[in-house]
Amino acid sequence: MSKYFYIITDGDFYANDIREMAMQFFPEYTIKKIGLSTESDITLSVNREGKKAKSKIEFMGKKVEKEIVIVKDAQRRQIKTLLYDTLSEFTEKSLKWGTMTGIRPARIAHGKLIEGKNKKQVIDEIRREYKVEEGRISDLIDIACLEIKKLYPLDIKKMQLYINIPFCPTRCSYCSFITRDSNADSDVLSNYLDKLLEEISIVGTGLKESGACIESVYIGGGTPGILDAGSIERLLGTIRKHMPVDSVLEYTFEAGRPDTITEDKLAAIKDSGVDRISVNPQSLTDATLSNIGRCHSVEEFYKAYELVKKFGFKTINCDMIIGLEGETEADMVRTAEKLLGLGPENITVHSLSVKKSSYLKGSIHKESFFDESETEKAADEIYRMFKSRQYVPYYIYRQKYTANNGENIGFSKAGHEGFYNMAIMSDKRSVIGLGAGSTGKVYYPDVDRFDRMETVKNIELYIRDVKKIAAEKLKQIKSLANDIDMF
């Protein structure tokens, strides 16, 4: 039976922020804006009266009311704090991220450090303004310090390149991407690759003519490892020929699924200059892998990892997910322990995000899925383990609908931080996204803002319109040059 949480507000009075905060405290409820509530539903009202804002939450005879005097320049943050205090008192629980509902929390620490504040001041301000727990604040400061060290001085000519391969051998239950079945759609994959190479050629030629410099390349998806060795050579050869990558700092190929990795593919990848590669098990429990729709075993992951290691890439990255359905704290910690035993230079820990377009979203029962105690204890222990083994957090982002109100956080050994990940999450670099479903942004450092660069998600439309799509991106990139006299 569905449980409803009704929100009553004055018009669109920070409606999205109110909804996001309610979801953090009541993940098992369906959030609705205004409606006919019953005794089994929770009702939250938020309104303004002059210079005051008031909130009230009621359920089964229990009621909490609070009010604040609004300061104009801090109104949004104050409203979120009002809601947090109201919901926290009502539920008798706190959130590790406090009132931070944005996807890039390190930006706040980054901004305060750039203003000249010391670490203690930043800790005190974030705790007071956002109610974030101290351990998370410490991670944000460490990450922000790394960003400042690696990315400054800001340079408008320096850009990152993302290439999207939206195909996979099978679709994982939690996946919300536009990925297609590489086996069933092999003809589409072939046509897609031809058009992708055309887009790389057009955009790359324009970037070269403009004098831009690609700092990092990231080939992701999907599962780029589904390409055969010949296709990989074509793809990487086209990038090398047409893109300004002569001084690239980092070159990542997300091989991804262990069942796609072969020796001839790895040779093609390594020979083309790639120095960072991802092999992603997500879990090292066979029952879980079967449950989430991955067509490989734990043993196959180990074999793929050893094969990758033999080729001598500078950095190997592995991903794991906490919060997968059916996994206990012990299962999650065991995956982390096994990864540490292999010693990859880079490990990313994702909190499961149950997105609307995933199979999982429609098949689970909200009331039983989010086991906060298991995932929270697992996350705390895994982070402790990684840090004790000299893996440091270097980038972080958050998503909606996550288990344990959690985060995705990358850990690395010193000198192996993923530059592309740092650049894109800091919002301090332009990112050129190529391929269907790719996302990029054009960054204006003098005013510290960016314009998004979106690519159509429909693969057939991308194939049909690739010339037009590439031309639009070049126009957007050139507008950056015109506005700031870049070249």
# chains A, B, ... in the order shown; residues from 1 in each chain; ligands from 1
>>> select_by_dssp(residues="stretch 169-277 of chain A", states="alpha helix (DSSP H)", output="PDB file with C-alpha atoms, in the first residue's frame")
ATOM      1  CA  SER A 186      25.043  -4.880 -33.658  1.00  0.00           C
ATOM      2  CA  ASP A 187      24.126  -3.107 -36.926  1.00  0.00           C
ATOM      3  CA  VAL A 188      23.105   0.010 -34.996  1.00  0.00           C
ATOM      4  CA  LEU A 189      26.396  -0.133 -33.080  1.00  0.00           C
ATOM      5  CA  SER A 190      28.343  -0.248 -36.339  1.00  0.00           C
ATOM      6  CA  ASN A 191      26.450   2.727 -37.781  1.00  0.00           C
ATOM      7  CA  TYR A 192      26.781   4.589 -34.507  1.00  0.00           C
ATOM      8  CA  LEU A 193      30.550   4.169 -34.454  1.00  0.00           C
ATOM      9  CA  ASP A 194      30.848   5.511 -38.013  1.00  0.00           C
ATOM     10  CA  LYS A 195      28.877   8.632 -37.084  1.00  0.00           C
ATOM     11  CA  LEU A 196      30.736   9.061 -33.799  1.00  0.00           C
ATOM     12  CA  LEU A 197      34.043   9.100 -35.688  1.00  0.00           C
ATOM     13  CA  GLU A 198      32.543  11.721 -37.992  1.00  0.00           C
ATOM     14  CA  GLU A 199      31.607  13.914 -35.021  1.00  0.00           C
ATOM     15  CA  ILE A 200      35.077  13.495 -33.497  1.00  0.00           C
ATOM     16  CA  SER A 201      36.631  14.573 -36.791  1.00  0.00           C
ATOM     17  CA  ILE A 202      34.433  17.663 -37.200  1.00  0.00           C
ATOM     18  CA  VAL A 203      34.661  18.909 -33.616  1.00  0.00           C
ATOM     19  CA  GLY A 204      38.320  17.957 -33.229  1.00  0.00           C
ATOM     20  CA  THR A 205      39.332  19.872 -36.349  1.00  0.00           C
ATOM     21  CA  GLY A 206      37.531  22.930 -35.018  1.00  0.00           C
ATOM     22  CA  LEU A 207      39.205  22.649 -31.627  1.00  0.00           C
ATOM     23  CA  LYS A 208      42.633  22.338 -33.215  1.00  0.00           C
ATOM     24  CA  GLU A 209      42.042  25.394 -35.371  1.00  0.00           C
ATOM     25  CA  SER A 210      40.994  27.352 -32.278  1.00  0.00           C
ATOM     26  CA  ALA A 229      39.857  -4.591 -31.255  1.00  0.00           C
ATOM     27  CA  GLY A 230      39.561  -3.172 -34.758  1.00  0.00           C
ATOM     28  CA  SER A 231      36.835  -0.737 -33.725  1.00  0.00           C
ATOM     29  CA  ILE A 232      38.874   0.353 -30.725  1.00  0.00           C
ATOM     30  CA  GLU A 233      41.830   1.070 -32.993  1.00  0.00           C
ATOM     31  CA  ARG A 234      39.607   3.111 -35.316  1.00  0.00           C
ATOM     32  CA  LEU A 235      38.127   5.093 -32.441  1.00  0.00           C
ATOM     33  CA  LEU A 236      41.390   5.864 -30.675  1.00  0.00           C
ATOM     34  CA  GLY A 237      43.174   6.524 -33.978  1.00  0.00           C
ATOM     35  CA  THR A 238      40.528   9.075 -34.978  1.00  0.00           C
ATOM     36  CA  ILE A 239      40.889  10.845 -31.631  1.00  0.00           C
ATOM     37  CA  ARG A 240      44.663  10.946 -32.025  1.00  0.00           C
ATOM     38  CA  LYS A 241      44.429  12.273 -35.592  1.00  0.00           C
ATOM     39  CA  HIS A 242      41.778  14.967 -35.158  1.00  0.00           C
ATOM     40  CA  GLU A 263      43.941  -9.555 -24.788  1.00  0.00           C
ATOM     41  CA  ASP A 264      43.654  -8.151 -28.325  1.00  0.00           C
ATOM     42  CA  LYS A 265      41.403  -5.318 -27.129  1.00  0.00           C
ATOM     43  CA  LEU A 266      43.803  -4.429 -24.323  1.00  0.00           C
ATOM     44  CA  ALA A 267      46.704  -4.361 -26.776  1.00  0.00           C
ATOM     45  CA  ALA A 268      44.792  -1.920 -28.994  1.00  0.00           C
ATOM     46  CA  ILE A 269      43.946   0.263 -25.993  1.00  0.00           C
ATOM     47  CA  LYS A 270      47.475   0.315 -24.588  1.00  0.00           C
ATOM     48  CA  ASP A 271      49.148   0.899 -27.962  1.00  0.00           C
TER      49      ASP A 271
END
>>> residues_around(residues="A:Ala379", least_positions_apart="3", cutoff="12 Å", atoms="only C-alpha atoms", output="ChimeraX atom specification")
/A:96,136,320-323,328-336,349-352,372-376,382-386,403-409
>>> residues_around(residues="stretch 434-443 of chain A", least_positions_apart="4", cutoff="6 Å", atoms="only C-alpha atoms", output="short mmCIF file (atom, residue, chain, number, x, y, z; two decimals) with C-alpha atoms, in the first residue's frame")
data_model
loop_
_atom_site.label_atom_id
_atom_site.label_comp_id
_atom_site.auth_asym_id
_atom_site.auth_seq_id
_atom_site.Cartn_x
_atom_site.Cartn_y
_atom_site.Cartn_z
CA ILE A 163 33.27 10.07 -25.67
CA ASN A 164 30.06 8.07 -25.09
CA LEU A 196 30.74 9.06 -33.80
CA ARG A 429 36.77 23.24 -16.81
CA SER A 430 34.99 23.01 -20.13
CA ARG A 449 29.73 29.95 -14.69
CA PHE A 450 29.08 27.40 -17.41
CA ASP A 451 26.59 26.64 -20.16
CA ARG A 452 25.50 23.05 -20.60
CA MET A 453 26.23 21.15 -23.81
CA GLU A 454 23.68 18.39 -24.36
CA THR A 455 23.54 15.73 -27.08
CA VAL A 456 20.33 14.04 -28.19
CA LYS A 457 19.81 10.72 -26.38
CA ILE A 459 20.70 6.95 -31.05
CA TYR A 462 22.05 11.08 -33.45
#
>>> residues_around(residues="A:Asn280", least_positions_apart="4", cutoff="9 Å", atoms="only C-alpha atoms", output="JSON, numbers by chain")
{"A": [254, 255, 256, 257, 258, 301, 317, 318, 319, 320]}
>>> residues_around(residues="A:Ile79", least_positions_apart="5", cutoff="9 Å", atoms="only C-alpha atoms", output="JSON, numbers by chain")
{"A": [14, 17, 18, 46, 53, 54, 68, 70, 74, 84]}
>>> atom_distance(atom1="atom CA of A:Pro281", atom2="atom CA of A:Val298")
7.6 Å
>>> atom_distance(atom1="atom CA of A:Ile214", atom2="atom CA of A:Ser247")
7.4 Å
>>> residues_around(residues="A:Tyr4", least_positions_apart="3", cutoff="7 Å", atoms="only C-alpha atoms", output="PyMOL selection string")
chain A and resi 29-32+41-42
>>> closest_residue(among="A:Thr288, A:Asn458, A:Gln160, A:Ser55", to="A:Gln78", atoms="only C-alpha atoms")
A:Ser55
>>> select_by_dssp(residues="stretch 103-221 of chain A", states="strand (DSSP E or B)", output="ChimeraX atom specification")
/A:158-165,167-168,180-181,213-221
>>> write_last_selection(atoms="N, CA and C atoms", output="short mmCIF file (atom, residue, chain, number, x, y, z; two decimals), in the first residue's frame")
data_model
loop_
_atom_site.label_atom_id
_atom_site.label_comp_id
_atom_site.auth_asym_id
_atom_site.auth_seq_id
_atom_site.Cartn_x
_atom_site.Cartn_y
_atom_site.Cartn_z
N LYS A 158 42.05 25.10 -21.67
CA LYS A 158 42.16 23.70 -21.26
C LYS A 158 40.78 23.07 -21.14
N MET A 159 40.59 21.96 -21.86
CA MET A 159 39.29 21.30 -21.91
C MET A 159 39.44 19.80 -21.69
N GLN A 160 38.32 19.18 -21.35
CA GLN A 160 38.28 17.73 -21.18
C GLN A 160 37.41 17.14 -22.30
N LEU A 161 37.69 15.93 -22.69
CA LEU A 161 36.94 15.28 -23.77
C LEU A 161 36.27 14.01 -23.25
N TYR A 162 34.96 13.92 -23.45
CA TYR A 162 34.21 12.71 -23.09
C TYR A 162 33.60 12.10 -24.35
N ILE A 163 33.81 10.81 -24.53
CA ILE A 163 33.27 10.07 -25.67
C ILE A 163 32.31 9.01 -25.14
N ASN A 164 31.07 9.00 -25.62
CA ASN A 164 30.06 8.07 -25.09
C ASN A 164 29.81 6.89 -26.02
N ILE A 165 29.90 5.70 -25.44
CA ILE A 165 29.56 4.45 -26.16
C ILE A 165 28.35 3.84 -25.45
N PHE A 167 26.29 1.40 -25.33
CA PHE A 167 25.92 0.01 -25.60
C PHE A 167 26.51 -0.88 -24.50
N CYS A 168 25.78 -1.93 -24.14
CA CYS A 168 26.24 -2.89 -23.13
C CYS A 168 25.85 -4.30 -23.55
N ARG A 180 22.01 0.47 -25.09
CA ARG A 180 21.35 -0.52 -25.95
C ARG A 180 22.11 -1.83 -25.87
N ASP A 181 21.43 -2.92 -26.23
CA ASP A 181 22.03 -4.25 -26.24
C ASP A 181 22.99 -4.35 -27.42
N CYS A 213 43.28 23.02 -25.95
CA CYS A 213 44.14 21.94 -25.47
C CYS A 213 43.31 20.95 -24.67
N ILE A 214 43.32 19.69 -25.08
CA ILE A 214 42.61 18.65 -24.33
C ILE A 214 43.53 18.13 -23.23
N GLU A 215 43.09 18.29 -21.97
CA GLU A 215 43.88 17.82 -20.83
C GLU A 215 43.64 16.34 -20.53
N SER A 216 42.39 15.92 -20.63
CA SER A 216 42.08 14.52 -20.33
C SER A 216 41.02 14.00 -21.29
N VAL A 217 41.11 12.73 -21.58
CA VAL A 217 40.13 12.04 -22.43
C VAL A 217 39.50 10.93 -21.61
N TYR A 218 38.17 10.82 -21.69
CA TYR A 218 37.46 9.75 -20.97
C TYR A 218 36.49 9.09 -21.93
N ILE A 219 36.73 7.82 -22.21
CA ILE A 219 35.82 7.05 -23.07
C ILE A 219 34.97 6.18 -22.17
N GLY A 220 33.67 6.52 -22.10
CA GLY A 220 32.78 5.84 -21.17
C GLY A 220 31.50 5.40 -21.83
N GLY A 221 30.53 5.01 -21.01
CA GLY A 221 29.28 4.52 -21.58
C GLY A 221 28.24 4.30 -20.51
#
